[in-house]
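Read through the structure below, which is laid out as structure tokens, and then see the notes.
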Amino acid sequence: MTRLLNAENLRAAYRTPDGRQVFAVDDVSVYIDEGEVLGVAGESGSGKSTLGAILSLTTRPPLYVESGTLEIDGKRQELGERSKIPRTWRGSVVSLLPQGAMNSISPTQRVRDLVFDVMRAHDRSIKRDEALDRARDRLKSLDLPVRVLDSYPHQLSGGMKQRTVTIISTLLNPRLLIADEPTSALDVSSQKALIDMLLQMLEQKIMSGVVFVTHDLPVLRTVSDRIAIMYAGKIVEVGDAEEITERPRHPYAGALLGAVLVPEPRYREMRVFGIPGSPPSLLDPPTGCRFHPRCGVAYAECATEEPPHVGDELRFSKCFWAKKHPGESVPLEAVTSDSLAEADPVGTDPRPAESEEHDDEDGPARTGSAQGREVPTGGVSA
Ligand SMILES: Nc1ncnc2c1ncn2[C@@H]1O[C@H](COP(=O)(O)OP(=O)(O)OP(=O)(O)O)[C@@H](O)[C@H]1O
């Protein structure tokens, strides 16, 4: 496997008008190998789009990258307020398909005008015909009708509009595409068409890797090779897509899965639970593990100490529970609202963490109320 992207220790904050800092991405490291799709999942506000902006080098005030390094194709770039990013990196090395891109196309511009504008922004010398030829070839190679170039945005269906902006944002053949919630506004058949197209583009080596950001775990399971789960600005678990969705080891990943409505037969019998509490304010995140106030299997140290990195590069979770239960899937019923019925909202009055007495063999105390819930795989223990 050839490494395409290696991003290390990324840290970025939004500066608020009153001078405070919201660290929305805090010491995050990720990698992607050639041909891979890395899914990034998490609740709203967990920092997914911010991570996408850092990786695509599109951060702008009030978001500032404090530190980190980005290595794409072996070319290394230090990140920070003073770093100068080569212009050629944006668009041709890494390209962003931003959230809601299809709604930001000017209604008075035909697609072909947008194609020319985008291409010219990167290459002042490009001729209109040249740009349109490139777009025509691309549409043909992806089995899409060339006539979309003559259309106004309102003449295209939502799905076709999204596929079109995806094609436009990859006309420069970026090595890496960061797609931020590309399927969120689409119906299921348009979601499938977009995912099929992205995979086709990878096969044709139009780009060599994709970071696919979404809160939609079933979609990620379909499209990703690996999934990274983000919580409150940090990556808490990474692993093979099937592993993460069937055998999560971090309580937050388990909770996220338990909150998903999935129409697959084996999930149908499951009760769907919301995740108790709400994500913390990143102005003043909880100490220790940021998920501990909402976690059903937290220990005392979770409230005060940074969670350990458990596992290897391919499959890890940052969690004391995972450390004490090596290789085990988290008991999903331990992170349901029932088990945390008495928990206070996060950030105001976090419930006391479990004492040390409850760990290891017996498991933490608060694992009880499964209420007959069927867990997704045999690997998940009660
Ligand atoms: N302009 C801003 N000023 C201050 N804080 C911000 C700003 N924009 C975002 N944030 C904070 O940064 C955090 C991460 O936001 P981000 O948009 O990256 O999350 P997300 O996981 O992509 O959420 P969503 O799925 O809703 O887009 C959130 O807690 C959010 O409140």
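Here, A, B, ... name the chains of the structure tokens in the order displayed, residue numbers run from 1 inside each chain, and ligands are numbered from 1 in the same displayed order.
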
Which residues of segment 219-263 of chain A come within 12 Å of segment 50-74 of chain A, and what is each one's closest atom pair and distance in Å (one decimal), counting only C-alpha atoms, sorted by chain and residue number, as CSV?
```
residue,atom,partner,partner_atom,distance
A:Ala228,CA,A:Leu51,CA,11.5
A:Ile229,CA,A:Leu51,CA,12.0
A:Met230,CA,A:Leu51,CA,9.7
A:Tyr231,CA,A:Leu51,CA,11.9
A:Ala232,CA,A:Thr50,CA,11.4
A:Gly233,CA,A:Leu51,CA,8.6
A:Lys234,CA,A:Leu51,CA,9.8
A:Ile235,CA,A:Leu51,CA,10.3
```

Legend entry - alpha helix (DSSP H) positions in segment 87-198 of chain A, given as a PyMOL selection string: chain A and resi 111-122+128-141+158-168+188-198

Inset, instruction - With a distance cut-off of 9 Å and only C-alpha atoms, select the neighbouring residues of Gln109 of chain A, excluding the residue or stretch itself and same-chain residues fewer than 6 positions from it, and output the selection as a list in words. - result: Ser151, Tyr152 and Pro153 of chain A

Using only C-alpha atoms and all ligand atoms, tabulate the residues of chain A lying at most 7 Å from any atom of ligand 1, each with its closest atom pair and that distance in Å to one decimal, by chain and increasing residue number, as a tab-separated table.
```
residue	atom	partner	partner_atom_place_in_ligand_line	distance
A:Tyr14	CA	ligand 1	4 (C)	4.8
A:Arg15	CA	ligand 1	4 (C)	6.3
A:Thr16	CA	ligand 1	4 (C)	5.6
A:Val22	CA	ligand 1	5 (N)	5.6
A:Ala24	CA	ligand 1	13 (C)	4.5
A:Gly42	CA	ligand 1	21 (O)	6.1
A:Glu43	CA	ligand 1	21 (O)	5.8
A:Ser44	CA	ligand 1	26 (O)	3.6
A:Gly45	CA	ligand 1	19 (O)	3.4
A:Ser46	CA	ligand 1	21 (O)	3.8
A:Gly47	CA	ligand 1	18 (O)	3.3
A:Lys48	CA	ligand 1	22 (O)	3.9
A:Ser49	CA	ligand 1	22 (O)	3.6
A:Thr50	CA	ligand 1	18 (O)	3.7
A:Leu51	CA	ligand 1	18 (O)	6.5
A:Pro62	CA	ligand 1	1 (N)	5.8
A:Leu63	CA	ligand 1	1 (N)	6.9
A:Thr214	CA	ligand 1	25 (O)	6.8
A:His215	CA	ligand 1	25 (O)	6.3
A:Gly233	CA	ligand 1	14 (C)	6.8
A:Ser281	CA	ligand 1	29 (O)	6.3
A:Leu282	CA	ligand 1	29 (O)	5.5
```

Inset, instruction - Choose the residue, out of A:Glu78, A:Asp18, A:Glu36, A:Asp129, that has the smallest atom-to-atom separation from Val210 of chain A; count only C-alpha atoms. - result: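 For Val210 of chain A, the nearest of the candidates is A:Glu36.
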
Legend entry - A:Met207, A:Leu156, A:Leu142, A:Leu97 ranked by distance to Arg110 of chain A, top pick (using only C-alpha atoms):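 Smallest distance to Arg110 of chain A is found for A:Leu156.
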
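Here atom CA of Ala322 of chain A stands at a distance of 20.0 Å from atom CA of Asp27 of chain A.
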
Legend entry - Best match for closeness to Asp150 of chain A among A:Thr108, A:Thr287, A:Gln200, A:Ser125, counting only C-alpha atoms: A:Thr108

Legend entry - Contacts of Thr183 of chain A within 8 Å, only C-alpha atoms, excl. fewer than 5 positions in-chain, as a list in words: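 Once the nearby chain positions are removed, what remains is Ser190, Gln191 and Leu194 of chain A.
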
Selection export as a CSV table (one decimal), in the first residue's frame, atoms kept: C-alpha atoms:
```csv
chain,number,residue,atom,x,y,z
A,190,SER,CA,-29.2,9.7,-5.9
A,191,GLN,CA,-27.0,8.8,-2.9
A,194,LEU,CA,-23.1,9.6,-6.3
```

Inset, instruction - Please identify which residues in segment 173-304 of chain A DSSP calls strand (DSSP E) from the backbone, and express them as a ChimeraX atom specification. - result: /A:176-180,209-213,226-231,234-240

Residues of segment 106-169 of chain A at most 10 Å from segment 98-102 of chain A: nearest atom pair and distance in Å, only C-alpha atoms, as a tab-separated table:
```
residue	atom	partner	partner_atom	distance
A:Ser106	CA	A:Met102	CA	9.4
A:Pro153	CA	A:Met102	CA	8.3
A:Gly158	CA	A:Met102	CA	7.8
A:Gly159	CA	A:Met102	CA	9.3
A:Met160	CA	A:Met102	CA	9.5
A:Lys161	CA	A:Met102	CA	5.9
A:Gln162	CA	A:Met102	CA	5.5
A:Arg163	CA	A:Met102	CA	8.9
A:Thr164	CA	A:Met102	CA	8.4
A:Val165	CA	A:Met102	CA	6.3
A:Thr166	CA	A:Ala101	CA	8.8
A:Ser169	CA	A:Pro98	CA	9.4
```

How would the residues just picked look written out with C-alpha atoms as a PDB file, in the first residue's frame?
```pdb
ATOM      1  CA  SER A 106     -25.324  30.730  -9.199  1.00  0.00           C
ATOM      2  CA  PRO A 153     -28.636  24.528 -12.158  1.00  0.00           C
ATOM      3  CA  GLY A 158     -30.643  17.318  -7.019  1.00  0.00           C
ATOM      4  CA  GLY A 159     -28.692  14.135  -7.687  1.00  0.00           C
ATOM      5  CA  MET A 160     -27.428  15.292 -11.082  1.00  0.00           C
ATOM      6  CA  LYS A 161     -26.483  18.690  -9.631  1.00  0.00           C
ATOM      7  CA  GLN A 162     -24.395  17.020  -6.915  1.00  0.00           C
ATOM      8  CA  ARG A 163     -22.699  14.687  -9.401  1.00  0.00           C
ATOM      9  CA  THR A 164     -21.975  17.691 -11.603  1.00  0.00           C
ATOM     10  CA  VAL A 165     -20.342  19.751  -8.822  1.00  0.00           C
ATOM     11  CA  THR A 166     -18.357  16.665  -7.832  1.00  0.00           C
ATOM     12  CA  SER A 169     -14.351  19.988  -8.242  1.00  0.00           C
TER      13      SER A 169
END
```

Inset, instruction - Write out as an MDAnalysis selection string the residues lying within 12 Å of segment 112-124 of chain A, counting only C-alpha atoms and excluding same-chain residues fewer than 3 positions away. - result: chainID A and resid 87:93 95 102 104:109 127:136 138:139 146:153 164:173

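For the choices A:Phe316, A:Phe291, A:Phe23, A:Tyr299, the atom-to-atom distance to Gly277 of chain A is smallest for A:Phe291 when using only C-alpha atoms.
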
Residue neighbourhood Ser29 of chain A, 8 Å, only C-alpha atoms, exclusion window fewer than 2 positions, as a PDB file with N, CA and C atoms, in the first residue's frame:
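Writing done, so here's out.pdb:
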```
ATOM      1  N   ASN A   6      -0.714  11.722   4.896  1.00  0.00           N
ATOM      2  CA  ASN A   6      -0.404  11.518   6.301  1.00  0.00           C
ATOM      3  C   ASN A   6      -0.559  12.877   6.983  1.00  0.00           C
ATOM      4  N   ALA A   7      -1.550  12.982   7.822  1.00  0.00           N
ATOM      5  CA  ALA A   7      -1.785  14.250   8.525  1.00  0.00           C
ATOM      6  C   ALA A   7      -1.527  14.004  10.002  1.00  0.00           C
ATOM      7  N   GLU A   8      -0.702  14.843  10.605  1.00  0.00           N
ATOM      8  CA  GLU A   8      -0.335  14.581  11.993  1.00  0.00           C
ATOM      9  C   GLU A   8      -0.558  15.787  12.900  1.00  0.00           C
ATOM     10  N   ASN A   9      -1.101  15.474  14.058  1.00  0.00           N
ATOM     11  CA  ASN A   9      -1.243  16.443  15.148  1.00  0.00           C
ATOM     12  C   ASN A   9      -1.896  17.750  14.709  1.00  0.00           C
ATOM     13  N   LEU A  10      -2.995  17.628  13.972  1.00  0.00           N
ATOM     14  CA  LEU A  10      -3.691  18.827  13.504  1.00  0.00           C
ATOM     15  C   LEU A  10      -4.425  19.481  14.674  1.00  0.00           C
ATOM     16  N   ASP A  27      -5.474  17.953  18.082  1.00  0.00           N
ATOM     17  CA  ASP A  27      -4.493  16.866  18.044  1.00  0.00           C
ATOM     18  C   ASP A  27      -5.022  15.643  17.288  1.00  0.00           C
ATOM     19  N   TYR A  31      -4.479   9.056   8.279  1.00  0.00           N
ATOM     20  CA  TYR A  31      -3.760   8.760   7.042  1.00  0.00           C
ATOM     21  C   TYR A  31      -4.709   8.114   6.049  1.00  0.00           C
ATOM     22  N   ILE A 235     -10.414  12.428  17.339  1.00  0.00           N
ATOM     23  CA  ILE A 235     -10.771  11.120  16.782  1.00  0.00           C
ATOM     24  C   ILE A 235     -10.706  10.117  17.919  1.00  0.00           C
TER      25      ILE A 235
END
```
